[in-house]
>>> print(open('my_file-v4.txt').read())   # compact mmCIF, C-alpha atoms
# COMPACT_ATOMS: atom_id res chain seq x y z
CA MET L 1 157.77 77.32 87.04
CA LYS L 2 154.04 78.01 87.25
CA ARG L 3 152.69 79.22 83.96
CA ALA L 4 149.82 81.63 83.59
CA PRO L 5 146.54 79.73 83.23
CA GLY L 6 145.95 80.96 79.71
CA SER L 7 149.14 79.50 78.32
CA VAL L 8 148.64 75.92 79.53
CA PRO L 9 147.92 73.39 76.80
CA THR L 10 144.62 71.72 77.58
CA ALA L 11 142.98 68.74 75.97
CA ALA L 12 140.01 70.85 74.92
CA ALA L 13 142.22 73.45 73.24
CA ALA L 14 143.88 70.61 71.30
CA GLY L 15 140.48 69.29 70.22
CA LEU L 16 140.83 66.23 72.44
CA ALA L 17 138.16 64.89 74.76
CA ARG L 18 138.94 62.79 77.83
CA CYS L 19 136.45 59.95 78.25
CA HIS L 20 134.71 60.41 81.61
CA ALA L 21 134.47 56.65 82.07
CA CYS L 22 137.82 55.19 80.99
CA GLY L 23 140.10 58.24 80.72
CA GLN L 24 141.03 57.60 77.09
CA LEU L 25 141.89 60.73 75.11
CA SER L 26 140.42 60.92 71.65
CA ARG L 27 139.99 63.51 68.97
CA LEU L 28 136.49 64.94 68.73
CA PRO L 29 135.20 65.12 65.17
CA ALA L 30 135.39 68.83 64.40
CA ALA L 31 132.03 69.08 62.65
CA ALA L 32 130.02 66.60 64.64
CA GLY L 33 126.87 68.58 63.85
CA GLY L 34 125.22 67.54 67.09
CA ALA L 35 125.86 63.85 66.48
CA ALA L 36 127.04 62.29 69.73
CA ALA L 37 130.62 61.07 69.59
CA ALA L 38 131.47 57.87 71.44
CA CYS L 39 134.72 56.86 73.11
CA PRO L 40 136.54 54.47 70.74
CA ARG L 41 137.76 52.38 73.69
CA CYS L 42 134.72 51.96 75.93
CA GLY L 43 131.79 53.40 74.00
CA ALA L 44 130.77 56.07 76.54
CA ALA L 45 129.46 59.37 75.16
CA LEU L 46 132.26 61.88 74.68
CA HIS L 47 132.08 65.51 75.76
CA LEU L 48 134.73 68.18 76.12
CA ARG L 49 132.99 69.27 79.33
CA GLN L 50 130.05 67.80 81.20
CA PRO L 51 126.95 68.87 79.26
CA ALA L 52 125.03 71.79 80.79
CA SER L 53 127.13 71.44 83.92
CA VAL L 54 126.36 74.85 85.42
CA ALA L 55 122.61 74.71 84.77
CA ARG L 56 122.24 71.17 86.08
CA THR L 57 124.29 71.84 89.18
CA TRP L 58 122.22 74.94 89.96
CA ALA L 59 119.02 72.92 89.47
CA TYR L 60 120.05 70.15 91.88
CA LEU L 61 121.42 72.70 94.29
CA SER L 62 118.29 74.84 94.46
CA ALA L 63 116.12 71.75 94.94
CA ALA L 64 118.42 70.70 97.78
CA ALA L 65 118.32 74.18 99.34
CA VAL L 66 114.52 74.15 99.34
CA LEU L 67 114.37 70.72 100.96
CA TYR L 68 117.04 71.68 103.50
CA VAL L 69 114.34 73.58 105.42
CA PRO L 70 111.86 70.70 106.01
CA ALA L 71 114.83 68.38 106.56
CA ASN L 72 115.81 70.42 109.60
CA VAL L 73 112.40 71.57 110.83
CA LEU L 74 110.30 68.40 110.52
CA PRO L 75 110.87 65.50 112.89
CA VAL L 76 113.14 62.76 111.56
CA MET L 77 111.97 60.42 114.28
CA LYS L 78 108.92 59.93 116.50
CA SER L 79 109.36 57.92 119.66
CA GLY L 80 106.29 56.74 121.53
CA SER L 81 106.59 55.35 125.05
CA LEU L 82 104.58 55.09 128.26
CA PHE L 83 105.38 58.74 128.86
CA GLY L 84 103.91 60.06 125.63
CA VAL L 85 105.19 60.83 122.15
CA GLN L 86 108.43 62.65 121.54
CA GLU L 87 109.44 64.12 118.21
CA ASP L 88 113.08 64.57 117.32
CA THR L 89 114.56 66.78 114.65
CA ILE L 90 118.14 66.35 113.49
CA LEU L 91 119.34 69.09 115.80
CA SER L 92 117.46 67.80 118.85
CA GLY L 93 119.06 64.41 118.23
CA VAL L 94 122.47 66.05 118.43
CA VAL L 95 121.47 67.90 121.61
CA PHE L 96 120.29 64.60 123.12
CA LEU L 97 123.67 62.98 122.46
CA TRP L 98 125.50 66.03 123.84
CA ARG L 99 123.48 66.13 127.10
CA ASP L 100 123.97 62.42 127.40
CA GLY L 101 127.73 62.93 127.59
CA SER L 102 128.51 61.38 124.19
CA TRP L 103 130.33 64.49 123.03
CA PHE L 104 132.31 62.76 120.36
CA LEU L 105 129.23 61.22 118.75
CA ALA L 106 127.31 64.48 119.12
CA ALA L 107 130.08 66.29 117.27
CA LEU L 108 130.23 63.55 114.63
CA VAL L 109 126.48 63.66 113.92
CA PHE L 110 126.49 67.46 114.01
CA VAL L 111 129.23 67.64 111.40
CA ALA L 112 127.80 64.87 109.18
CA SER L 113 124.16 66.00 109.28
CA ILE L 114 124.25 69.77 109.68
CA VAL L 115 127.67 71.15 108.77
CA VAL L 116 128.40 69.00 105.70
CA PRO L 117 125.09 69.55 103.82
CA LEU L 118 125.20 73.28 104.52
CA ALA L 119 128.87 73.48 103.56
CA LYS L 120 128.10 71.64 100.32
CA LEU L 121 125.30 74.06 99.44
CA LEU L 122 127.48 77.09 100.12
CA ALA L 123 130.67 75.74 98.56
CA LEU L 124 129.00 74.58 95.33
CA SER L 125 127.21 77.94 95.00
CA PHE L 126 130.57 79.63 95.50
CA LEU L 127 132.20 77.44 92.83
CA LEU L 128 129.35 78.03 90.37
CA LEU L 129 129.46 81.79 90.87
CA GLY L 130 133.22 81.72 90.40
CA VAL L 131 132.74 79.98 87.05
CA GLN L 132 129.95 82.31 85.97
CA TRP L 133 131.86 85.43 86.95
CA ARG L 134 134.93 84.10 85.11
CA SER L 135 137.00 84.38 88.24
CA ALA L 136 140.77 83.84 87.99
CA TRP L 137 141.15 83.68 91.75
CA GLN L 138 143.04 80.64 93.13
CA PRO L 139 141.78 77.92 90.77
CA GLN L 140 143.97 75.38 92.55
CA TRP L 141 142.39 76.13 95.91
CA ARG L 142 138.89 75.97 94.41
CA THR L 143 139.62 72.61 92.78
CA ARG L 144 140.76 71.29 96.14
CA LEU L 145 137.54 72.58 97.73
CA TYR L 146 135.57 70.68 95.09
CA ARG L 147 137.52 67.50 95.80
CA ILE L 148 136.74 67.74 99.52
CA ILE L 149 133.02 68.26 98.83
CA GLU L 150 132.96 65.27 96.49
CA TYR L 151 134.49 63.11 99.18
CA MET L 152 132.43 64.31 102.16
CA GLY L 153 128.96 64.15 100.63
CA ARG L 154 128.21 60.50 101.28
CA TRP L 155 128.84 60.76 105.03
CA SER L 156 125.73 62.90 105.45
CA MET L 157 123.66 59.73 105.05
CA LEU L 158 124.69 58.85 108.61
CA ASP L 159 121.50 60.10 110.26
CA ILE L 160 119.29 58.22 107.79
CA TYR L 161 120.90 54.96 108.85
CA VAL L 162 120.68 55.82 112.54
CA VAL L 163 116.93 56.43 112.20
CA THR L 164 116.49 53.27 110.10
CA LEU L 165 118.09 51.13 112.73
CA LEU L 166 116.34 52.74 115.69
CA ALA L 167 112.97 52.36 113.96
CA ALA L 168 113.70 48.70 113.23
CA LEU L 169 114.91 47.82 116.71
CA VAL L 170 112.74 49.82 119.05
CA GLN L 171 109.41 48.12 118.39
CA LEU L 172 108.56 46.90 121.89
CA GLN L 173 104.79 47.31 121.82
CA SER L 174 104.05 48.11 125.42
CA LEU L 175 107.20 50.02 126.27
CA ALA L 176 108.49 52.01 123.38
CA ALA L 177 108.22 52.31 119.61
CA ILE L 178 110.17 54.50 117.23
CA GLN L 179 108.98 55.60 113.79
CA ALA L 180 110.83 57.44 111.06
CA GLY L 181 109.39 60.93 110.49
CA PRO L 182 108.82 63.03 107.37
CA GLY L 183 111.99 65.04 108.06
CA ALA L 184 114.03 61.93 107.30
CA VAL L 185 112.60 61.74 103.76
CA ALA L 186 113.45 65.39 103.13
CA PHE L 187 116.89 64.91 104.61
CA GLY L 188 117.58 61.86 102.44
CA ALA L 189 116.53 63.87 99.42
CA VAL L 190 118.94 66.69 100.39
CA VAL L 191 121.83 64.23 100.58
CA VAL L 192 120.99 62.65 97.22
CA LEU L 193 120.46 66.03 95.53
CA THR L 194 123.71 67.53 96.83
CA MET L 195 125.57 64.41 95.66
CA LEU L 196 124.00 64.76 92.20
CA ALA L 197 124.89 68.45 92.25
CA SER L 198 128.56 67.82 92.99
CA GLN L 199 128.67 65.04 90.37
CA SER L 200 127.25 67.29 87.68
CA PHE L 201 129.69 70.12 88.43
CA ASP L 202 132.71 70.00 86.13
CA PRO L 203 135.84 71.32 87.93
CA ARG L 204 137.53 71.92 84.55
CA LEU L 205 135.20 74.90 84.16
CA ILE L 206 137.07 76.59 87.01
CA TRP L 207 140.26 76.43 84.92
CA ASP L 208 138.51 77.38 81.70
CA ALA L 209 137.13 80.47 83.39
CA ALA L 210 140.50 81.30 84.94
CA ALA L 211 142.16 80.98 81.54
CA ALA L 212 139.56 83.17 79.86
CA ALA L 213 139.65 85.79 82.58
CA PRO L 214 143.16 87.32 82.62
CA ALA L 215 142.47 90.35 80.49
CA ALA L 216 139.79 91.53 82.86
CA THR L 217 141.38 90.65 86.18
CA ARG L 218 145.08 91.18 85.66
CA LYS L 219 146.70 94.56 85.92
CA PRO L 220 147.19 96.19 82.56
CA ALA L 221 150.49 95.26 80.98
CA PRO L 222 153.25 97.81 81.68
CA THR L 223 153.70 98.65 78.00
CA GLU L 224 150.13 99.90 77.88
CA ALA L 225 150.66 102.01 80.96
CA VAL L 226 153.72 103.67 79.52
CA ARG L 227 152.09 104.42 76.25
CA MET H 1 149.26 61.86 76.50
CA HIS H 2 147.10 62.25 79.57
CA ALA H 3 144.49 64.90 80.27
CA CYS H 4 143.81 65.80 83.86
CA PRO H 5 140.21 64.86 84.78
CA GLU H 6 139.86 67.95 86.98
CA CYS H 7 141.62 70.75 85.08
CA ASP H 8 142.13 69.32 81.55
CA ALA H 9 145.85 70.12 81.42
CA LEU H 10 147.65 67.91 78.90
CA GLN H 11 150.72 66.11 80.17
CA ARG H 12 153.09 63.36 79.19
CA PRO H 13 152.84 60.22 81.34
CA VAL H 14 155.89 59.39 83.44
CA PRO H 15 156.96 55.89 84.51
CA LEU H 16 156.02 55.03 88.08
CA GLN H 17 157.44 52.75 90.73
CA SER H 18 155.19 50.01 92.02
CA GLY H 19 152.67 51.55 94.43
CA GLY H 20 153.31 55.06 93.15
CA MET H 21 150.87 57.61 91.77
CA ALA H 22 151.10 60.45 89.31
CA ARG H 23 149.53 63.81 90.10
CA CYS H 24 148.58 66.64 87.79
CA TRP H 25 151.31 69.31 87.87
CA ARG H 26 148.73 72.08 87.70
CA CYS H 27 145.90 71.15 90.08
CA GLY H 28 147.24 68.14 91.98
CA ALA H 29 144.52 65.65 90.98
CA VAL H 30 145.54 61.98 90.92
CA LEU H 31 146.07 61.06 87.26
CA TYR H 32 146.94 57.39 87.51
CA ARG H 33 148.53 54.90 89.89
CA ARG H 34 150.64 51.84 89.58
CA ARG H 35 149.22 49.13 91.86
CA ARG H 36 151.43 46.71 93.73
CA HIS H 37 149.43 43.70 92.64
CA GLY H 38 147.57 42.83 89.51
CA LEU H 39 143.90 42.10 88.99
CA ASP H 40 144.23 38.70 90.70
CA ALA H 41 144.71 40.33 94.12
CA THR H 42 141.55 42.39 93.51
CA LEU H 43 139.71 39.19 92.57
CA ALA H 44 140.79 37.47 95.80
CA LEU H 45 139.66 40.43 97.93
CA THR H 46 136.36 40.64 96.03
CA LEU H 47 135.63 36.93 96.54
CA ALA H 48 136.24 37.27 100.28
CA ALA H 49 134.04 40.39 100.36
CA ALA H 50 131.24 38.54 98.54
CA VAL H 51 131.26 35.77 101.17
CA LEU H 52 131.11 38.35 103.98
CA PHE H 53 128.35 40.25 102.18
CA GLY H 54 126.30 37.04 102.24
CA LEU H 55 126.97 36.54 105.95
CA ALA H 56 126.26 40.19 106.71
CA ASN H 57 122.80 39.86 105.20
CA ALA H 58 121.92 36.35 106.37
CA PHE H 59 122.25 37.02 110.09
CA PRO H 60 120.79 39.57 112.51
CA LEU H 61 122.75 42.79 112.82
CA VAL H 62 121.93 43.64 116.41
CA GLY H 63 119.49 42.56 119.08
CA LEU H 64 117.84 44.56 121.82
CA ASP H 65 116.83 43.26 125.24
CA LEU H 66 114.57 45.53 127.30
CA GLN H 67 113.05 44.13 130.50
CA GLY H 68 112.59 40.70 129.05
CA GLN H 69 111.31 41.83 125.67
CA THR H 70 113.76 41.07 122.92
CA ARG H 71 113.94 42.03 119.29
CA ASP H 72 116.61 41.74 116.66
CA THR H 73 116.89 42.90 113.09
CA SER H 74 118.86 42.24 109.96
CA LEU H 75 119.52 44.90 107.35
CA TRP H 76 116.65 43.57 105.24
CA GLY H 77 114.41 43.58 108.35
CA ALA H 78 115.25 47.25 108.94
CA VAL H 79 114.39 48.13 105.34
CA SER H 80 111.05 46.32 105.49
CA THR H 81 110.17 47.98 108.80
CA LEU H 82 110.60 51.36 107.12
CA TRP H 83 108.44 50.14 104.24
CA ASP H 84 105.72 49.09 106.67
CA GLN H 85 105.83 52.51 108.33
CA ASP H 86 104.80 54.06 104.99
CA MET H 87 108.32 55.34 104.42
CA ALA H 88 108.67 53.80 100.96
CA LEU H 89 111.08 56.44 99.66
CA LEU H 90 113.34 56.13 102.66
CA ALA H 91 113.18 52.32 102.49
CA ALA H 92 114.14 52.47 98.81
CA LEU H 93 117.06 54.80 99.53
CA VAL H 94 118.42 52.58 102.31
CA PHE H 95 117.86 49.45 100.22
CA ALA H 96 119.68 50.92 97.23
CA THR H 97 122.68 52.32 99.08
CA THR H 98 123.35 49.43 101.48
CA LEU H 99 122.04 46.34 99.68
CA ALA H 100 121.34 46.64 95.96
CA LEU H 101 124.28 48.78 94.84
CA PRO H 102 126.95 47.07 96.97
CA ALA H 103 125.61 43.73 95.67
CA PHE H 104 125.82 45.05 92.11
CA ASP H 105 129.35 46.33 92.82
CA LEU H 106 130.53 42.89 93.98
CA ALA H 107 128.70 41.03 91.21
CA ALA H 108 130.11 43.35 88.53
CA MET H 109 133.66 42.95 89.84
CA LEU H 110 133.32 39.16 89.77
CA TRP H 111 131.72 39.32 86.31
CA LEU H 112 134.79 41.17 85.04
CA LEU H 113 137.60 39.60 87.02
CA LEU H 114 136.70 35.90 86.95
CA PRO H 115 136.84 35.59 83.13
CA LEU H 116 139.95 37.80 82.97
CA ALA H 117 141.68 35.55 85.53
CA VAL H 118 141.32 32.56 83.20
CA GLY H 119 142.24 34.58 80.13
CA ARG H 120 138.80 35.15 78.66
CA ARG H 121 137.02 38.33 77.74
CA PRO H 122 133.87 38.97 79.86
CA ILE H 123 130.60 39.53 78.00
CA ALA H 124 129.65 43.22 77.76
CA GLY H 125 132.78 44.04 79.77
CA ALA H 126 132.97 47.72 78.84
CA GLN H 127 129.33 48.36 79.71
CA VAL H 128 129.65 46.52 83.04
CA LEU H 129 132.81 48.41 84.02
CA ARG H 130 131.21 51.73 83.07
CA GLY H 131 128.15 50.87 85.17
CA LEU H 132 130.36 49.80 88.06
CA LEU H 133 132.32 53.07 88.08
CA ALA H 134 129.08 55.07 87.81
CA ILE H 135 127.29 53.45 90.76
CA ARG H 136 130.30 53.24 93.05
CA PRO H 137 129.78 56.60 94.82
CA TRP H 138 126.28 55.43 95.79
CA GLY H 139 127.23 52.30 97.70
CA MET H 140 127.53 53.41 101.31
CA VAL H 141 128.19 50.34 103.41
CA GLU H 142 130.81 52.11 105.50
CA VAL H 143 128.52 55.03 106.31
CA PHE H 144 125.82 52.52 107.24
CA LEU H 145 128.13 50.77 109.69
CA LEU H 146 128.95 54.09 111.37
CA GLY H 147 125.20 54.76 111.57
CA VAL H 148 124.68 51.39 113.28
CA LEU H 149 127.35 52.25 115.85
CA VAL H 150 125.75 55.64 116.59
CA ALA H 151 122.34 53.98 116.96
CA LEU H 152 123.81 51.42 119.37
CA VAL H 153 125.31 54.13 121.57
CA LYS H 154 121.92 55.87 121.64
CA LEU H 155 120.24 52.64 122.71
CA ALA H 156 122.90 51.39 125.09
CA HIS H 157 121.46 53.13 128.13
CA LEU H 158 117.84 52.19 127.39
CA ALA H 159 118.36 48.50 126.89
CA THR H 160 120.92 45.76 126.60
CA VAL H 161 122.37 45.70 123.12
CA VAL H 162 123.48 42.39 121.66
CA PRO H 163 125.78 42.67 118.63
CA GLY H 164 124.95 40.02 116.02
CA VAL H 165 127.06 38.00 113.60
CA ALA H 166 126.20 40.41 110.80
CA LEU H 167 127.69 43.38 112.67
CA TRP H 168 131.15 41.78 112.72
CA SER H 169 130.68 40.66 109.11
CA PHE H 170 129.88 44.24 108.08
CA GLY H 171 132.99 45.44 109.89
CA ALA H 172 135.18 43.02 107.94
CA LEU H 173 133.20 43.66 104.74
CA ILE H 174 133.93 47.39 104.62
CA LEU H 175 137.66 46.71 105.09
CA LEU H 176 137.66 44.14 102.27
CA MET H 177 135.56 46.27 99.91
CA ALA H 178 137.84 49.25 100.53
CA ALA H 179 140.92 47.10 99.92
CA ALA H 180 139.41 45.64 96.75
CA ALA H 181 138.51 49.09 95.43
CA ALA H 182 141.96 50.45 96.30
CA SER H 183 143.77 47.55 94.62
CA PHE H 184 141.60 47.68 91.48
CA ASP H 185 143.59 48.92 88.53
CA ALA H 186 140.85 50.32 86.30
CA ASP H 187 143.32 51.36 83.58
CA LEU H 188 144.65 47.82 83.38
CA ALA H 189 141.11 46.43 83.37
CA TRP H 190 140.14 48.78 80.51
CA ALA H 191 143.16 47.65 78.54
CA ARG H 192 142.46 43.94 79.14
CA LEU H 193 138.76 44.35 78.34
CA THR H 194 139.26 46.18 75.09
CA ASP H 195 142.58 44.85 73.82
CA ALA H 196 143.84 48.40 73.55
CA PRO H 197 147.59 48.79 74.09
CA GLN H 198 148.55 48.35 77.74
CA PRO H 199 148.92 51.62 79.68
CA ALA H 200 152.45 52.91 79.89
CA PRO H 201 154.14 51.42 82.97
>>> encode(input="my_file-v4.txt", output="structure tokens")
Amino acid sequence: MKRAPGSVPTAAAAGLARCHACGQLSRLPAAAGGAAAACPRCGAALHLRQPASVARTWAYLSAAAVLYVPANVLPVMKSGSLFGVQEDTILSGVVFLWRDGSWFLAALVFVASIVVPLAKLLALSFLLLGVQWRSAWQPQWRTRLYRIIEYMGRWSMLDIYVVTLLAALVQLQSLAAIQAGPGAVAFGAVVVLTMLASQSFDPRLIWDAAAAAPAATRKPAPTEAVR
Amino acid sequence: MHACPECDALQRPVPLQSGGMARCWRCGAVLYRRRRHGLDATLALTLAAAVLFGLANAFPLVGLDLQGQTRDTSLWGAVSTLWDQDMALLAALVFATTLALPAFDLAAMLWLLLPLAVGRRPIAGAQVLRGLLAIRPWGMVEVFLLGVLVALVKLAHLATVVPGVALWSFGALILLMAAAAASFDADLAWARLTDAPQPAP
């Protein structure tokens, strides 16, 4: 019952654009000549695919990859107490929780702050390369991967809120004071940039590429082989 | 006809039972749902959420008691502490994701749903609904609450932690906001806002 990707009727092939805001299908004027079409129902700008999706996603993604380094190397938090100043990176915060016996929380913070941002960087790069190389491999699986990334991204903000609250609460002049560190700014930027990256990626490109690919990736048709 | 938002496959809409959802045959994305209740249920949940949002920001979130020294903070207090520590960018990020955008979310829902409930058309309805759907991924109240809980566990063995009124309010708020978002029938709202034909049942 599954049809080959190339033979599936798509909105774009029929000259129809789905409004990204309200979902309304409408016919794109064939010769728009660069004039922006607007959704007749809600007025949002109409596009067959997100404009410059691949370039924008790469741009956000490379900015995020660059900032991923200071986000993990610089301290996200500085705690001063009677015993001196201690600087914590994201990873040392996880180690602290682990040593403390809060294994569940340690695992939670590790996944939210370290695994998820890294997984987003790698998975989006993988999806972009798949589109650029016109891959026909498992478009369904890749769409599902995209959906998971879209959903997980926001949870990386966890550490930002932990630092915010610690810095606000632990201000006991003589005993202890906690300050947010420069790593937290870089980390916040990574979360925002990877969210922008996944929003600007258009999963329909996966299917477009898969539909355009078959000639290159499929085995030659038997008739050709016989001849 | 419907086009899948994730793979663009064209498909004919099928009638759904109440509470059901339609998925794309090709990639499995959710195409549309049929909610159990209409926009009035969403309005009720949103009103309750707005009250709790007020409470959650009017009272201290948590207090700390360390050898006689006490300190408590509200969400706004936490944001302004960051600001004072020369962390303006971080303060802005926390302010936007936990205060400004959730407030806009609730206000926009009320802006749309209150007039619709009495049979009127809200002013600039399409623009407001578009804005609402665009900012929604950036409101992170539920992630914030998890962050508060992690921070409390970290502090629990240094000092006595006193949960404040706002902490419980936030707990109830995320449940109500999630319920309001889940019950919100955007297709129906689009149809009511623009007088387009109602979506196929």
>>> residues_around(input="my_file-v4.txt", residues="Ala117 of chain H", least_positions_apart="4", cutoff="10 Å", atoms="only C-alpha atoms", output="list of chain:residue names")
H:Leu39, H:Asp40, H:Leu43, H:Leu112, H:Leu113, H:Arg121
>>> interface_residues(input="my_file-v4.txt", of="chain L", to="chain H", cutoff="8 Å", atoms="only C-alpha atoms", output="PyMOL selection string")
chain L and resi 2+8-12+18+20-23+25+41-44+97+105+139-140+143-144+154-155+157-172+179-180+184-185+188+202-207
>>> write_last_selection(input="my_file-v4.txt", atoms="C-alpha atoms", output="compact mmCIF listing (two decimals), in the coordinates of the input")
# COMPACT_ATOMS: atom_id res chain seq x y z
CA LYS L 2 154.04 78.01 87.25
CA VAL L 8 148.64 75.92 79.53
CA PRO L 9 147.92 73.39 76.80
CA THR L 10 144.62 71.72 77.58
CA ALA L 11 142.98 68.74 75.97
CA ALA L 12 140.01 70.85 74.92
CA ARG L 18 138.94 62.79 77.83
CA HIS L 20 134.71 60.41 81.61
CA ALA L 21 134.47 56.65 82.07
CA CYS L 22 137.82 55.19 80.99
CA GLY L 23 140.10 58.24 80.72
CA LEU L 25 141.89 60.73 75.11
CA ARG L 41 137.76 52.38 73.69
CA CYS L 42 134.72 51.96 75.93
CA GLY L 43 131.79 53.40 74.00
CA ALA L 44 130.77 56.07 76.54
CA LEU L 97 123.67 62.98 122.46
CA LEU L 105 129.23 61.22 118.75
CA PRO L 139 141.78 77.92 90.77
CA GLN L 140 143.97 75.38 92.55
CA THR L 143 139.62 72.61 92.78
CA ARG L 144 140.76 71.29 96.14
CA ARG L 154 128.21 60.50 101.28
CA TRP L 155 128.84 60.76 105.03
CA MET L 157 123.66 59.73 105.05
CA LEU L 158 124.69 58.85 108.61
CA ASP L 159 121.50 60.10 110.26
CA ILE L 160 119.29 58.22 107.79
CA TYR L 161 120.90 54.96 108.85
CA VAL L 162 120.68 55.82 112.54
CA VAL L 163 116.93 56.43 112.20
CA THR L 164 116.49 53.27 110.10
CA LEU L 165 118.09 51.13 112.73
CA LEU L 166 116.34 52.74 115.69
CA ALA L 167 112.97 52.36 113.96
CA ALA L 168 113.70 48.70 113.23
CA LEU L 169 114.91 47.82 116.71
CA VAL L 170 112.74 49.82 119.05
CA GLN L 171 109.41 48.12 118.39
CA LEU L 172 108.56 46.90 121.89
CA GLN L 179 108.98 55.60 113.79
CA ALA L 180 110.83 57.44 111.06
CA ALA L 184 114.03 61.93 107.30
CA VAL L 185 112.60 61.74 103.76
CA GLY L 188 117.58 61.86 102.44
CA ASP L 202 132.71 70.00 86.13
CA PRO L 203 135.84 71.32 87.93
CA ARG L 204 137.53 71.92 84.55
CA LEU L 205 135.20 74.90 84.16
CA ILE L 206 137.07 76.59 87.01
CA TRP L 207 140.26 76.43 84.92
>>> residues_around(input="my_file-v4.txt", residues="Ser18 of chain H", least_positions_apart="2", cutoff="9 Å", atoms="only C-alpha atoms", output="compact mmCIF listing (two decimals) with C-alpha atoms, keeping the file's coordinate frame")
# COMPACT_ATOMS: atom_id res chain seq x y z
CA LEU H 16 156.02 55.03 88.08
CA GLY H 20 153.31 55.06 93.15
CA MET H 21 150.87 57.61 91.77
CA ARG H 33 148.53 54.90 89.89
CA ARG H 34 150.64 51.84 89.58
CA ARG H 35 149.22 49.13 91.86
CA ARG H 36 151.43 46.71 93.73
CA HIS H 37 149.43 43.70 92.64
>>> axis_aligned_box(input="my_file-v4.txt", around="segment 18-27 of chain H", padding_each_side="3 Å", output="JSON")
{"center_x": 150.5, "center_y": 61.0, "center_z": 91.1, "size_x": 15.3, "size_y": 28.1, "size_z": 12.7}
>>> residues_near_point(input="my_file-v4.txt", point="(125.3, 45.3, 96.0)", cutoff="10 Å", atoms="all atoms listed in the file", output="MDAnalysis selection string")
chainID H and resid 50 53 95:108 135:136 139:141
>>> closest_residue(input="my_file-v4.txt", among="L:Ser113, L:Ser26, L:Thr57, L:Gln50", to="Leu129 of chain L", atoms="only C-alpha atoms")
L:Thr57
>>> closest_residue(input="my_file-v4.txt", among="L:Gly80, L:Trp141, L:Ala212, L:Ala63", to="Met195 of chain L", atoms="all atoms listed in the file")
L:Ala63
>>> atom_distance(input="my_file-v4.txt", atom1="atom CA of Ala123 of chain L", atom2="atom CA of Ala210 of chain L")
17.7 Å
>>> residues_around(input="my_file-v4.txt", residues="Ala182 of chain H", least_positions_apart="4", cutoff="10 Å", atoms="all atoms listed in the file", output="PyMOL selection string")
chain H and resi 35+42+176-178
>>> write_last_selection(input="my_file-v4.txt", atoms="C-alpha atoms", output="PDB file, in the coordinates of the input")
ATOM      1  CA  ARG H  35     149.220  49.130  91.860  1.00  0.00           C
ATOM      2  CA  THR H  42     141.550  42.390  93.510  1.00  0.00           C
ATOM      3  CA  LEU H 176     137.660  44.140 102.270  1.00  0.00           C
ATOM      4  CA  MET H 177     135.560  46.270  99.910  1.00  0.00           C
ATOM      5  CA  ALA H 178     137.840  49.250 100.530  1.00  0.00           C
TER       6      ALA H 178
END
>>> atom_distance(input="my_file-v4.txt", atom1="atom CA of Gln86 of chain L", atom2="atom CA of Asp100 of chain L")
16.6 Å
>>> atom_distance(input="my_file-v4.txt", atom1="atom CA of Ala209 of chain L", atom2="atom CA of Val131 of chain L")
5.7 Å
>>> residues_around(input="my_file-v4.txt", residues="Gly84 of chain L", least_positions_apart="3", cutoff="12 Å", atoms="only C-alpha atoms", output="number ranges by chain")
L: 78-81, 87, 174-178
>>> build_atoms(input="my_file-v4.txt", residues="segment 155-164 of chain H", atoms="N, CA and C atoms", output="PDB file, keeping the file's coordinate frame")
ATOM      1  N   LEU H 155     121.109  53.616 122.071  1.00  0.00           N
ATOM      2  CA  LEU H 155     120.240  52.640 122.710  1.00  0.00           C
ATOM      3  C   LEU H 155     120.864  52.044 123.958  1.00  0.00           C
ATOM      4  N   ALA H 156     122.193  52.153 124.070  1.00  0.00           N
ATOM      5  CA  ALA H 156     122.900  51.390 125.090  1.00  0.00           C
ATOM      6  C   ALA H 156     122.399  51.656 126.507  1.00  0.00           C
ATOM      7  N   HIS H 157     121.893  52.877 126.763  1.00  0.00           N
ATOM      8  CA  HIS H 157     121.460  53.130 128.130  1.00  0.00           C
ATOM      9  C   HIS H 157     119.964  52.920 128.328  1.00  0.00           C
ATOM     10  N   LEU H 158     119.255  52.556 127.258  1.00  0.00           N
ATOM     11  CA  LEU H 158     117.840  52.190 127.390  1.00  0.00           C
ATOM     12  C   LEU H 158     117.693  50.699 127.585  1.00  0.00           C
ATOM     13  N   ALA H 159     118.548  49.943 126.960  1.00  0.00           N
ATOM     14  CA  ALA H 159     118.360  48.500 126.890  1.00  0.00           C
ATOM     15  C   ALA H 159     119.694  47.827 126.692  1.00  0.00           C
ATOM     16  N   THR H 160     119.697  46.506 126.858  1.00  0.00           N
ATOM     17  CA  THR H 160     120.920  45.760 126.600  1.00  0.00           C
ATOM     18  C   THR H 160     121.021  45.505 125.098  1.00  0.00           C
ATOM     19  N   VAL H 161     122.171  45.842 124.555  1.00  0.00           N
ATOM     20  CA  VAL H 161     122.370  45.700 123.120  1.00  0.00           C
ATOM     21  C   VAL H 161     123.226  44.473 122.861  1.00  0.00           C
ATOM     22  N   VAL H 162     122.749  43.617 121.964  1.00  0.00           N
ATOM     23  CA  VAL H 162     123.480  42.390 121.660  1.00  0.00           C
ATOM     24  C   VAL H 162     123.961  42.429 120.219  1.00  0.00           C
ATOM     25  N   PRO H 163     125.273  42.650 120.000  1.00  0.00           N
ATOM     26  CA  PRO H 163     125.780  42.670 118.630  1.00  0.00           C
ATOM     27  C   PRO H 163     125.612  41.306 117.976  1.00  0.00           C
ATOM     28  N   GLY H 164     125.170  41.285 116.725  1.00  0.00           N
ATOM     29  CA  GLY H 164     124.950  40.020 116.020  1.00  0.00           C
ATOM     30  C   GLY H 164     126.102  39.677 115.098  1.00  0.00           C
TER      31      GLY H 164
END
